[in-house]
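Source file: structure.cif; contents: mmCIF, C-alpha atoms.
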```
data_work
#
loop_
_atom_site.label_atom_id
_atom_site.label_comp_id
_atom_site.auth_asym_id
_atom_site.auth_seq_id
_atom_site.Cartn_x
_atom_site.Cartn_y
_atom_site.Cartn_z
CA MET A 229 46.31 -2.35 8.24
CA ARG A 230 49.60 -1.04 6.95
CA LYS A 231 51.38 -2.82 4.10
CA SER A 232 54.74 -2.43 2.42
CA TRP A 233 54.39 -0.18 -0.64
CA PHE A 234 57.43 -1.55 -2.48
CA LEU A 235 55.80 -4.26 -4.56
CA PRO A 236 52.65 -2.26 -5.40
CA LEU A 237 54.77 0.70 -6.51
CA VAL A 238 56.92 -1.52 -8.73
CA THR A 239 53.80 -3.04 -10.23
CA LEU A 240 52.15 0.36 -10.69
CA VAL A 241 55.09 2.07 -12.37
CA ALA A 242 55.76 -0.92 -14.61
CA ALA A 243 52.18 -1.15 -15.75
CA VAL A 244 51.66 2.55 -16.36
CA LEU A 245 54.92 2.98 -18.23
CA GLY A 246 54.18 -0.04 -20.40
CA VAL A 247 57.03 -2.24 -19.09
CA THR A 248 56.89 -5.44 -17.07
CA ALA A 249 59.05 -5.91 -14.01
CA ALA A 250 60.71 -9.32 -13.88
CA GLY A 251 58.47 -11.78 -12.10
CA VAL A 252 55.70 -9.24 -11.50
CA THR A 253 52.33 -9.67 -13.17
CA PRO A 254 49.89 -6.83 -12.45
CA ALA A 255 46.68 -8.10 -10.91
CA ALA A 256 43.31 -7.37 -12.48
CA ALA A 257 41.74 -4.16 -11.27
CA ALA A 258 38.93 -4.42 -8.75
CA PRO A 259 35.76 -3.57 -10.66
CA ASN A 260 33.60 -2.15 -7.90
CA THR A 261 35.49 0.81 -6.44
CA PRO A 262 33.38 3.96 -6.92
CA LEU A 263 35.36 6.57 -8.81
CA ARG A 264 34.99 10.32 -8.51
CA VAL A 265 37.22 11.48 -11.35
CA MET A 266 38.43 15.03 -11.94
CA PRO A 267 39.83 15.55 -15.46
CA LEU A 268 42.20 18.50 -14.90
CA GLY A 269 44.07 20.54 -17.47
CA ASP A 270 43.66 22.81 -20.48
CA SER A 271 41.79 22.60 -23.81
CA ILE A 272 42.88 19.00 -24.36
CA THR A 273 41.04 18.10 -21.15
CA TRP A 274 38.08 20.20 -22.32
CA GLY A 275 38.01 18.21 -25.55
CA VAL A 276 38.94 20.70 -28.27
CA GLY A 277 39.44 18.86 -31.57
CA SER A 278 37.20 15.90 -30.88
CA SER A 279 34.12 15.52 -33.05
CA THR A 280 31.82 15.55 -30.01
CA GLY A 281 33.70 17.73 -27.51
CA ASN A 282 34.01 14.78 -25.14
CA GLY A 283 37.75 14.49 -25.79
CA TYR A 284 39.37 11.62 -23.92
CA ARG A 285 36.74 11.84 -21.21
CA GLY A 286 34.02 10.06 -23.21
CA PRO A 287 35.98 6.91 -24.07
CA LEU A 288 37.58 6.88 -20.60
CA TRP A 289 34.13 6.93 -19.05
CA ASN A 290 33.08 4.03 -21.24
CA ARG A 291 36.14 1.98 -20.34
CA LEU A 292 35.76 2.55 -16.60
CA ALA A 293 32.03 1.84 -16.72
CA ALA A 294 32.70 -1.40 -18.59
CA ASP A 295 35.06 -2.39 -15.77
CA GLY A 296 32.13 -2.02 -13.39
CA HIS A 297 33.13 1.14 -11.53
CA PRO A 298 30.30 3.39 -10.33
CA LEU A 299 31.34 6.71 -11.84
CA ASP A 300 31.08 10.42 -11.22
CA PHE A 301 33.18 12.85 -13.26
CA VAL A 302 33.51 16.19 -11.44
CA GLY A 303 34.57 19.76 -12.13
CA THR A 304 33.17 23.25 -12.63
CA GLY A 305 32.86 22.92 -16.43
CA ARG A 306 30.67 20.79 -18.68
CA ASN A 307 31.45 19.99 -22.31
CA GLY A 308 30.26 17.39 -24.78
CA PRO A 309 27.10 15.25 -25.03
CA MET A 310 28.39 12.42 -22.82
CA SER A 311 26.14 11.54 -19.89
CA ASP A 312 28.52 13.08 -17.33
CA PRO A 313 30.49 15.90 -19.01
CA ASP A 314 31.80 17.56 -15.82
CA ASN A 315 35.48 18.42 -15.93
CA GLU A 316 38.12 20.95 -14.88
CA GLY A 317 39.53 21.66 -18.33
CA HIS A 318 40.27 25.31 -19.16
CA SER A 319 41.22 26.26 -22.70
CA GLY A 320 44.42 28.26 -22.95
CA TYR A 321 45.42 27.77 -19.32
CA LYS A 322 49.00 27.36 -18.20
CA ILE A 323 50.27 25.49 -15.17
CA HIS A 324 50.08 28.46 -12.79
CA GLN A 325 46.50 29.22 -13.84
CA ILE A 326 45.40 25.68 -13.08
CA ALA A 327 47.22 25.94 -9.74
CA ALA A 328 45.25 29.10 -8.92
CA LEU A 329 41.90 27.32 -9.16
CA ALA A 330 42.87 23.83 -8.02
CA ASP A 331 42.43 24.22 -4.25
CA ALA A 332 38.85 25.44 -4.45
CA SER A 333 37.82 22.81 -6.97
CA LEU A 334 39.52 19.92 -5.18
CA THR A 335 38.02 21.03 -1.87
CA ARG A 336 34.54 21.19 -3.36
CA TYR A 337 34.58 17.85 -5.18
CA ARG A 338 37.11 15.68 -3.31
CA PRO A 339 37.92 13.35 -6.22
CA ASN A 340 39.62 10.02 -5.62
CA VAL A 341 41.18 10.10 -9.11
CA VAL A 342 42.71 13.13 -10.87
CA THR A 343 43.77 12.84 -14.52
CA LEU A 344 46.25 15.65 -15.19
CA HIS A 345 47.51 16.80 -18.59
CA ILE A 346 49.01 20.29 -18.42
CA GLY A 347 51.93 22.29 -19.83
CA THR A 348 51.03 22.47 -23.52
CA ASN A 349 50.35 26.22 -23.44
CA ASP A 350 53.44 26.96 -21.37
CA LEU A 351 55.68 25.30 -23.96
CA ASN A 352 53.76 26.44 -27.02
CA GLU A 353 53.93 30.07 -25.88
CA SER A 354 57.51 29.75 -24.54
CA TYR A 355 56.16 30.86 -21.16
CA GLN A 356 58.79 30.59 -18.41
CA VAL A 357 59.92 27.28 -19.87
CA SER A 358 62.92 27.05 -17.56
CA THR A 359 60.57 26.75 -14.57
CA ALA A 360 57.84 24.65 -16.20
CA THR A 361 58.78 21.33 -14.63
CA ASP A 362 59.27 22.96 -11.22
CA ARG A 363 55.81 24.46 -11.52
CA LEU A 364 54.39 21.09 -12.53
CA LYS A 365 56.00 19.48 -9.49
CA SER A 366 54.55 22.19 -7.29
CA LEU A 367 51.11 21.62 -8.81
CA VAL A 368 51.31 17.87 -8.19
CA ASN A 369 52.25 18.56 -4.56
CA GLN A 370 49.39 21.03 -4.31
CA ILE A 371 46.89 18.47 -5.63
CA THR A 372 48.07 15.77 -3.24
CA ALA A 373 47.86 18.19 -0.31
CA ALA A 374 44.36 19.36 -1.21
CA ALA A 375 43.11 15.85 -2.04
CA PRO A 376 45.32 13.43 -0.08
CA ASP A 377 42.91 10.55 -0.69
CA ALA A 378 43.23 10.91 -4.47
CA THR A 379 45.33 9.00 -6.97
CA VAL A 380 46.94 11.54 -9.32
CA LEU A 381 47.71 10.33 -12.85
CA VAL A 382 50.23 12.72 -14.41
CA ALA A 383 50.31 12.46 -18.20
CA SER A 384 53.22 13.26 -20.45
CA LEU A 385 52.36 15.86 -23.07
CA VAL A 386 51.01 14.52 -26.33
CA VAL A 387 52.91 15.09 -29.56
CA SER A 388 52.33 18.32 -31.51
CA THR A 389 53.38 19.92 -34.77
CA SER A 390 54.10 23.23 -33.04
CA GLY A 391 57.76 24.14 -33.49
CA SER A 392 57.78 25.96 -30.17
CA GLU A 393 56.24 23.14 -28.16
CA GLU A 394 58.30 20.43 -29.83
CA ARG A 395 61.46 22.32 -29.01
CA TYR A 396 60.79 21.82 -25.31
CA ARG A 397 58.44 18.84 -25.06
CA ALA A 398 60.99 16.02 -24.86
CA ALA A 399 62.83 17.56 -21.91
CA TYR A 400 59.54 18.38 -20.16
CA ASN A 401 58.26 14.83 -20.58
CA GLN A 402 61.55 13.34 -19.43
CA ALA A 403 61.21 15.22 -16.14
CA ILE A 404 57.80 13.79 -15.30
CA PRO A 405 58.93 10.32 -14.11
CA ARG A 406 61.27 12.00 -11.64
CA ILE A 407 58.45 14.21 -10.35
CA VAL A 408 56.33 11.10 -9.94
CA SER A 409 59.05 9.05 -8.24
CA ASP A 410 59.74 11.89 -5.78
CA ALA A 411 56.04 12.04 -4.93
CA GLN A 412 55.86 8.28 -4.47
CA ALA A 413 58.93 8.36 -2.22
CA ALA A 414 57.00 10.81 -0.05
CA GLY A 415 54.15 8.31 0.22
CA LYS A 416 51.86 10.00 -2.28
CA LYS A 417 49.65 8.14 -4.74
CA VAL A 418 51.01 9.65 -7.95
CA ALA A 419 51.70 7.80 -11.20
CA HIS A 420 53.06 8.64 -14.64
CA VAL A 421 50.84 8.01 -17.67
CA ASP A 422 52.81 7.75 -20.89
CA MET A 423 51.12 9.39 -23.91
CA SER A 424 53.85 8.53 -26.42
CA SER A 425 51.50 6.26 -28.39
CA LEU A 426 49.99 9.35 -30.05
CA THR A 427 51.56 10.37 -33.36
CA THR A 428 51.05 13.37 -35.58
CA ALA A 429 48.43 11.31 -37.43
CA ASP A 430 46.37 11.55 -34.24
CA LEU A 431 46.14 15.36 -34.36
CA VAL A 432 43.37 17.54 -35.74
CA ASP A 433 45.57 20.67 -35.66
CA ALA A 434 48.99 21.63 -34.34
CA LEU A 435 48.13 20.93 -30.69
CA HIS A 436 44.90 19.00 -30.27
CA PRO A 437 44.19 15.29 -30.76
CA ASN A 438 41.52 14.03 -33.11
CA ASP A 439 39.13 11.27 -32.12
CA SER A 440 41.72 8.53 -32.55
CA GLY A 441 44.20 10.51 -30.48
CA TYR A 442 41.69 11.05 -27.70
CA GLN A 443 40.91 7.33 -27.74
CA LYS A 444 44.61 6.62 -27.19
CA MET A 445 44.68 9.10 -24.32
CA ALA A 446 41.66 7.41 -22.78
CA ASP A 447 43.32 4.01 -23.12
CA ALA A 448 46.45 5.29 -21.38
CA PHE A 449 44.53 6.87 -18.49
CA HIS A 450 42.44 3.70 -18.25
CA ARG A 451 45.60 1.61 -17.81
CA GLY A 452 46.69 4.06 -15.15
CA VAL A 453 43.46 3.63 -13.20
CA GLN A 454 43.67 -0.16 -13.50
CA SER A 455 47.25 -0.17 -12.23
CA ALA A 456 46.38 2.12 -9.35
CA ASP A 457 43.54 -0.19 -8.40
CA SER A 458 45.86 -3.19 -8.59
CA ALA A 459 48.26 -1.40 -6.26
CA GLY A 460 45.48 -0.87 -3.73
CA TRP A 461 45.52 2.90 -4.13
CA LEU A 462 41.86 3.44 -4.98
CA LYS A 463 39.57 3.93 -2.02
CA ASN A 464 35.94 4.93 -1.81
CA PRO A 465 35.51 8.67 -2.40
CA ALA A 466 35.51 10.78 0.72
CA PRO A 467 32.23 12.36 1.85
CA ALA A 468 31.43 15.55 0.04
CA PRO A 469 32.38 18.72 1.91
CA ALA A 470 29.74 20.55 3.89
CA ARG A 471 29.19 23.94 5.41
CA VAL A 472 29.60 24.30 9.18
CA GLU A 473 27.02 26.57 10.80
CA SER A 474 27.31 28.32 14.15
CA GLY A 475 24.81 27.60 16.90
CA THR A 476 24.84 31.25 17.96
CA SER A 477 24.59 33.27 14.81
CA GLY A 478 23.37 30.89 12.13
CA LYS A 479 26.42 32.04 10.22
CA CYS A 480 29.08 29.84 8.65
CA LEU A 481 32.64 28.86 9.40
CA ASP A 482 34.43 30.82 6.69
CA VAL A 483 37.94 31.30 5.28
CA LYS A 484 38.45 35.06 5.13
CA GLY A 485 38.32 36.36 1.58
CA ALA A 486 38.60 32.81 0.15
CA ALA A 487 42.36 33.24 0.54
CA THR A 488 44.72 30.28 0.69
CA ALA A 489 47.75 31.92 2.32
CA ASP A 490 48.98 30.45 5.57
CA GLY A 491 47.62 32.53 8.44
CA THR A 492 44.33 33.46 6.76
CA ALA A 493 41.72 33.97 9.47
CA ALA A 494 38.99 31.43 10.16
CA GLN A 495 35.92 33.55 10.87
CA ILE A 496 32.14 33.61 10.82
CA TRP A 497 30.32 35.04 7.84
CA ALA A 498 26.84 34.97 6.34
CA CYS A 499 26.39 31.59 4.67
CA SER A 500 26.95 31.83 0.92
CA GLY A 501 27.77 28.34 -0.30
CA GLY A 502 31.19 29.44 -1.55
CA ALA A 503 34.14 27.06 -1.61
CA ASN A 504 35.65 28.96 1.34
CA GLN A 505 32.69 27.81 3.45
CA LEU A 506 32.99 24.15 2.50
CA TRP A 507 34.80 21.98 5.04
CA SER A 508 35.87 18.37 4.87
CA ALA A 509 36.45 16.19 7.90
CA TYR A 510 39.40 13.87 7.26
CA THR A 511 40.14 10.60 8.99
CA ASP A 512 43.25 12.13 10.57
CA GLY A 513 41.03 14.52 12.55
CA THR A 514 41.73 17.59 10.44
CA LEU A 515 39.11 19.99 9.12
CA ARG A 516 40.11 21.26 5.68
CA SER A 517 39.03 24.00 3.32
CA MET A 518 40.76 25.53 0.31
CA GLY A 519 43.31 22.72 0.48
CA LYS A 520 44.57 23.66 3.95
CA CYS A 521 43.84 22.82 7.58
CA LEU A 522 42.01 24.56 10.41
CA ASP A 523 44.85 25.44 12.78
CA ALA A 524 45.44 26.86 16.25
CA ALA A 525 47.92 29.65 15.51
CA GLY A 526 51.51 28.94 16.42
CA GLY A 527 50.58 25.72 18.17
CA GLY A 528 49.11 27.86 20.94
CA THR A 529 47.01 26.31 23.70
CA ALA A 530 45.94 29.35 25.73
CA ASN A 531 42.48 30.86 25.83
CA GLY A 532 42.23 33.39 23.03
CA THR A 533 44.62 31.62 20.64
CA LYS A 534 43.52 32.63 17.13
CA VAL A 535 42.24 29.98 14.74
CA GLN A 536 43.41 30.21 11.16
CA LEU A 537 44.08 28.33 7.93
CA TRP A 538 47.50 26.73 7.59
CA SER A 539 49.28 24.13 5.48
CA CYS A 540 48.48 20.67 6.83
CA HIS A 541 51.46 19.23 8.73
CA GLY A 542 50.05 16.56 11.04
CA GLY A 543 50.46 18.53 14.25
CA SER A 544 48.01 18.07 17.11
CA ASN A 545 47.08 21.76 16.89
CA GLN A 546 45.33 20.84 13.62
CA VAL A 547 43.35 17.92 15.07
CA TRP A 548 39.74 18.63 16.07
CA GLN A 549 37.67 16.14 18.06
CA PRO A 550 33.86 16.16 18.14
CA TYR A 551 32.91 17.33 21.62
CA ASN A 552 29.60 18.42 23.13
CA GLY A 553 28.20 19.56 19.79
CA GLY A 554 31.37 21.34 18.76
CA TYR A 555 35.07 20.82 18.08
CA ARG A 556 37.80 20.43 20.69
CA ASN A 557 41.41 21.01 19.70
CA LEU A 558 43.61 18.03 20.55
CA ALA A 559 46.71 20.03 21.49
CA SER A 560 45.01 22.36 23.94
CA GLY A 561 41.84 20.57 25.02
CA ARG A 562 40.04 23.86 24.32
CA CYS A 563 37.11 24.40 21.96
CA LEU A 564 36.49 26.24 18.71
CA ASP A 565 34.77 29.37 19.98
CA ILE A 566 33.21 32.60 18.68
CA PRO A 567 34.56 35.39 20.90
CA GLY A 568 31.94 36.97 23.12
CA PHE A 569 29.04 35.22 21.35
CA SER A 570 29.52 37.71 18.52
CA THR A 571 27.27 37.52 15.47
CA ALA A 572 29.20 40.05 13.38
CA ASP A 573 30.55 39.04 10.00
CA GLY A 574 34.34 38.82 10.10
CA THR A 575 34.68 37.77 13.74
CA GLN A 576 37.79 35.60 13.90
CA LEU A 577 37.45 32.37 15.84
CA HIS A 578 39.70 31.41 18.72
CA LEU A 579 40.25 28.72 21.35
CA TRP A 580 38.45 28.87 24.68
CA ASP A 581 37.70 26.61 27.61
CA CYS A 582 34.94 24.22 26.60
CA HIS A 583 31.63 25.14 28.23
CA GLY A 584 28.95 23.88 25.83
CA GLY A 585 27.59 27.33 25.01
CA SER A 586 25.91 28.06 21.71
CA ASN A 587 29.00 29.93 20.51
CA GLN A 588 30.90 26.63 20.68
CA ARG A 589 28.27 24.54 18.93
CA TRP A 590 28.58 23.80 15.22
CA THR A 591 26.21 22.00 12.87
CA THR A 592 27.45 20.31 9.72
CA LEU A 593 25.02 20.79 6.84
CA ALA A 594 25.27 19.04 3.50
CA THR A 595 25.21 21.38 0.52
CA GLY A 596 23.22 19.04 -1.70
#
```

Could you render the structure from this file as structure tokens?
Amino acid sequence: MRKSWFLPLVTLVAAVLGVTAAGVTPAAAAPNTPLRVMPLGDSITWGVGSSTGNGYRGPLWNRLAADGHPLDFVGTGRNGPMSDPDNEGHSGYKIHQIAALADASLTRYRPNVVTLHIGTNDLNESYQVSTATDRLKSLVNQITAAAPDATVLVASLVVSTSGSEERYRAAYNQAIPRIVSDAQAAGKKVAHVDMSSLTTADLVDALHPNDSGYQKMADAFHRGVQSADSAGWLKNPAPAPARVESGTSGKCLDVKGAATADGTAAQIWACSGGANQLWSAYTDGTLRSMGKCLDAAGGGTANGTKVQLWSCHGGSNQVWQPYNGGYRNLASGRCLDIPGFSTADGTQLHLWDCHGGSNQRWTTLATG
């Protein structure tokens, strides 16, 4: 069922930015959507400066739980005594450093909500400030590509008493609504969360909020989640990714070297549980790892066409249909195949006429 996005987007932007569109009253958020939330950012996401280490995550959890949402916070780090301290906050990180780890983490956890606050260290350290907003836009696009089911809540940077950061912060924050509107125009579920309610009285040091500041951040992100729910953006979290094991070798479908560059080989390798062996089946028929799609190279359809990782683009050469215990490529009608029944690590996969052999059979195994 496809609906017009105009009214929900007006409602969402108005609610998140703290303004009311004429004649539009945001509906109450649905209380029962399960949320898999990835708090993503730097030390402010980690919780530096809060008395517990929970940062905004603790009070945000409490607010969402009170709404009735089943909750799971996710990420590779854990900080604070809250019942679910998982997060993807990395102290000292800049935008490009978060971008470097985002694909693997998003692929592993498949959140349906991402709360993003990033850029403080770039501005505070005067690091490539002229490109900071471009890098933020690129990161937002990267997140929506790696987790297309997710709602991404992009926060403005909180106030600081750092002369360096304050020199640049206003211009950086002013660029965020445009980044968000461009993403929405492209059909992405991205919203701006305004953190201007924090004042210097809400800081524990030059950069980090105190408990009252983190409460205000939690309140702002909470409003963002409510508005996204009112707009119909929140859907049940996607199934967790799984490893895909060959019927011939017992080895796993693997992204060579855990690389994310277009053209990286899809191969077999001894099963390790790494993020480059975790694959997600999407409703559009794609198989995704590391934020990109399993792809028949160059749109090829001939026997022997190499199979690789490539940016997802909606082409039929990236659509894989379950077939006879394996995967058949929509564009070619040929199957995902291990050449010559090889069992050697590093054997690149290709397309071949479907025949039902063990080298074309793949078993999906949950990773627990």

A:Gly561, A:Gly317, A:Gly513, A:Gly303 ranked by distance to A:Arg338, top pick (using all atoms listed in the file): A:Gly303

What do you get, as JSON, numbers by chain, if you spell out every residue that the PyMOL selection byres ((chain A and resi 576) around 12) selects here? {"A": [480, 481, 482, 483, 484, 491, 492, 493, 494, 495, 496, 497, 524, 525, 532, 533, 534, 535, 536, 537, 564, 565, 566, 567, 568, 569, 570, 571, 572, 573, 574, 575, 577, 578, 579]}

Written as a list in words, what is the full residue list that the PyMOL selection byres ((chain A and resi 414-417) around 8) yields on the file shown?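 So the PyMOL selection byres ((chain A and resi 414-417) around 8), applied here, picks out Thr372, Pro376, Ala378, Thr379, Val380, Asp410, Ala411, Gln412, Ala413, Val418, Ala419 and Trp461 of chain A.
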
Write out as a list in words each polymer residue whose atoms come within 10 Å of A:Arg306, counting only C-alpha atoms; drop sequence neighbours fewer than 6 positions from it.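 Selected residues are Trp274, Gly281, Asn282, Asp312, Pro313, Asp314, Asn315, Glu316 and Gly317 of chain A.
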
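Here the question is which of A:Val382, A:Ala503, A:Ser358, A:Ala446 gets nearest to A:Thr488 using only C-alpha atoms, and that residue is A:Ala503.
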
For A:Ser271, which residue among A:Leu344, A:Ala328, A:Ala466, A:Ile404 is the nearest when counting all atoms listed in the file?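 Checking each of A:Leu344, A:Ala328, A:Ala466, A:Ile404 against A:Ser271, counting all atoms listed in the file, the winner is A:Leu344.
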
Reference answer for the PyMOL selection byres ((chain A and resi 336) around 12), as a PyMOL selection string: chain A and resi 266+302-304+329-335+337-339+374-375+466-471+501-508+516-519+594-596

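By chain and then residue number, the residues within 9 Å of A:Leu515 are Trp507, Ser508, Ala509, Cys521, Leu522, Asp523, Gln546, Val547 and Trp548 of chain A, counting all atoms listed in the file and disregarding those fewer than 6 positions away in sequence.
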
Those residues with C-alpha atoms, as a compact mmCIF listing (two decimals), keeping the file's coordinate frame please?
```
# COMPACT_ATOMS: atom_id res chain seq x y z
CA TRP A 507 34.80 21.98 5.04
CA SER A 508 35.87 18.37 4.87
CA ALA A 509 36.45 16.19 7.90
CA CYS A 521 43.84 22.82 7.58
CA LEU A 522 42.01 24.56 10.41
CA ASP A 523 44.85 25.44 12.78
CA GLN A 546 45.33 20.84 13.62
CA VAL A 547 43.35 17.92 15.07
CA TRP A 548 39.74 18.63 16.07
```

Interatomic distance (Å, one decimal) between atom CA of A:Glu393 and atom CA of A:Asp430: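 So the two atoms, atom CA of A:Glu393 and atom CA of A:Asp430, lie 16.4 Å apart.
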
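With all atoms listed in the file as the basis for measurement, A:Tyr284 is the residue among A:Trp590, A:Trp580, A:Tyr355, A:Tyr284 that approaches A:Gly308 most closely.
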
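We find atom CA of A:Gly269 and atom CA of A:Ile326 to be spaced 6.9 Å apart.
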
Point-to-point distance from atom CA of A:Ser500 to atom CA of A:Tyr555, Å rounded to tenths: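 Atom-to-atom, atom CA of A:Ser500 and atom CA of A:Tyr555 are spaced 21.9 Å apart.
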
Near A:Asn545, counting all atoms listed in the file, which residues have an atom at most 8 Å away, once you skip same-chain residues fewer than 5 positions from it, shown as a ChimeraX atom specification? /A:523-524,527-528,557-560

Residue nearest A:His450 among A:Ala429, A:Leu292, A:Ala398, A:Val265 (counting only C-alpha atoms):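 That would be A:Leu292, the residue with the smallest distance to A:His450.
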
For a cutoff of 12 Å around the file-coordinate point (46.0, 19.2, -34.1), which residues qualify once you count all atoms listed in the file? I'd like the result as JSON, numbers by chain. {"A": [271, 272, 275, 276, 277, 278, 386, 387, 388, 389, 390, 426, 427, 428, 429, 430, 431, 432, 433, 434, 435, 436, 437, 438, 439, 440, 441, 442]}

Kindly indicate which residue among A:Asn531, A:Ser354, A:Ser425, A:Asn260 lies nearest to A:Asn464, using all atoms listed in the file for the distances.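 Of A:Asn531, A:Ser354, A:Ser425, A:Asn260, the one nearest A:Asn464, counting all atoms listed in the file, is A:Asn260.
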
As a VMD selection string, please: the residues near A:Gly553 (cut-off 8 Å, all atoms listed in the file, same-chain neighbours under 6 positions excluded). chain A and resid 584 588 to 591

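Contact shell of A:Ser366 at 12 Å (only C-alpha atoms; same-chain neighbours under 3 positions omitted): A:Ile323, A:His324, A:Ile326, A:Ala327, A:Ala328, A:Ala330, A:Thr359, A:Ala360, A:Thr361, A:Asp362, A:Arg363, A:Asn369, A:Gln370, A:Ile371, A:Thr372, A:Ala373, A:Ile407, A:Val408, A:Asp410, A:Ala411.
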
Atoms are missing here; could stretch 336-348 of chain A be completed with N, CA, C and O atoms and written as a PDB file, in the coordinates of the input?
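Saved result, out.pdb, follows:
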```pdb
ATOM      1  N   ARG A 336      35.976  21.344  -3.121  1.00  0.00           N
ATOM      2  CA  ARG A 336      34.540  21.190  -3.360  1.00  0.00           C
ATOM      3  C   ARG A 336      34.177  19.766  -3.762  1.00  0.00           C
ATOM      4  O   ARG A 336      33.178  19.207  -3.281  1.00  0.00           O
ATOM      5  N   TYR A 337      34.985  19.134  -4.593  1.00  0.00           N
ATOM      6  CA  TYR A 337      34.580  17.850  -5.180  1.00  0.00           C
ATOM      7  C   TYR A 337      35.251  16.630  -4.569  1.00  0.00           C
ATOM      8  O   TYR A 337      34.739  15.524  -4.716  1.00  0.00           O
ATOM      9  N   ARG A 338      36.388  16.770  -3.959  1.00  0.00           N
ATOM     10  CA  ARG A 338      37.110  15.680  -3.310  1.00  0.00           C
ATOM     11  C   ARG A 338      37.177  14.425  -4.183  1.00  0.00           C
ATOM     12  O   ARG A 338      36.690  13.358  -3.818  1.00  0.00           O
ATOM     13  N   PRO A 339      37.793  14.519  -5.355  1.00  0.00           N
ATOM     14  CA  PRO A 339      37.920  13.350  -6.220  1.00  0.00           C
ATOM     15  C   PRO A 339      38.830  12.294  -5.592  1.00  0.00           C
ATOM     16  O   PRO A 339      39.694  12.611  -4.761  1.00  0.00           O
ATOM     17  N   ASN A 340      38.637  11.041  -6.001  1.00  0.00           N
ATOM     18  CA  ASN A 340      39.620  10.020  -5.620  1.00  0.00           C
ATOM     19  C   ASN A 340      40.520   9.638  -6.788  1.00  0.00           C
ATOM     20  O   ASN A 340      41.427   8.823  -6.628  1.00  0.00           O
ATOM     21  N   VAL A 341      40.279  10.233  -7.978  1.00  0.00           N
ATOM     22  CA  VAL A 341      41.180  10.100  -9.110  1.00  0.00           C
ATOM     23  C   VAL A 341      41.262  11.473  -9.798  1.00  0.00           C
ATOM     24  O   VAL A 341      40.233  12.100 -10.051  1.00  0.00           O
ATOM     25  N   VAL A 342      42.492  11.922 -10.088  1.00  0.00           N
ATOM     26  CA  VAL A 342      42.710  13.130 -10.870  1.00  0.00           C
ATOM     27  C   VAL A 342      43.529  12.749 -12.104  1.00  0.00           C
ATOM     28  O   VAL A 342      44.605  12.146 -11.968  1.00  0.00           O
ATOM     29  N   THR A 343      43.005  13.056 -13.292  1.00  0.00           N
ATOM     30  CA  THR A 343      43.770  12.840 -14.520  1.00  0.00           C
ATOM     31  C   THR A 343      44.300  14.203 -14.967  1.00  0.00           C
ATOM     32  O   THR A 343      43.540  15.108 -15.289  1.00  0.00           O
ATOM     33  N   LEU A 344      45.613  14.353 -14.976  1.00  0.00           N
ATOM     34  CA  LEU A 344      46.250  15.650 -15.190  1.00  0.00           C
ATOM     35  C   LEU A 344      47.066  15.640 -16.476  1.00  0.00           C
ATOM     36  O   LEU A 344      47.981  14.834 -16.644  1.00  0.00           O
ATOM     37  N   HIS A 345      46.717  16.560 -17.391  1.00  0.00           N
ATOM     38  CA  HIS A 345      47.510  16.800 -18.590  1.00  0.00           C
ATOM     39  C   HIS A 345      47.644  18.314 -18.732  1.00  0.00           C
ATOM     40  O   HIS A 345      46.681  18.999 -19.065  1.00  0.00           O
ATOM     41  N   ILE A 346      48.826  18.851 -18.452  1.00  0.00           N
ATOM     42  CA  ILE A 346      49.010  20.290 -18.420  1.00  0.00           C
ATOM     43  C   ILE A 346      50.450  20.643 -18.805  1.00  0.00           C
ATOM     44  O   ILE A 346      51.369  19.887 -18.504  1.00  0.00           O
ATOM     45  N   GLY A 347      50.616  21.792 -19.435  1.00  0.00           N
ATOM     46  CA  GLY A 347      51.930  22.290 -19.830  1.00  0.00           C
ATOM     47  C   GLY A 347      52.019  22.639 -21.297  1.00  0.00           C
ATOM     48  O   GLY A 347      52.967  23.309 -21.725  1.00  0.00           O
ATOM     49  N   THR A 348      51.012  22.205 -22.086  1.00  0.00           N
ATOM     50  CA  THR A 348      51.030  22.470 -23.520  1.00  0.00           C
ATOM     51  C   THR A 348      51.154  23.964 -23.807  1.00  0.00           C
ATOM     52  O   THR A 348      51.976  24.392 -24.642  1.00  0.00           O
TER      53      THR A 348
END
```
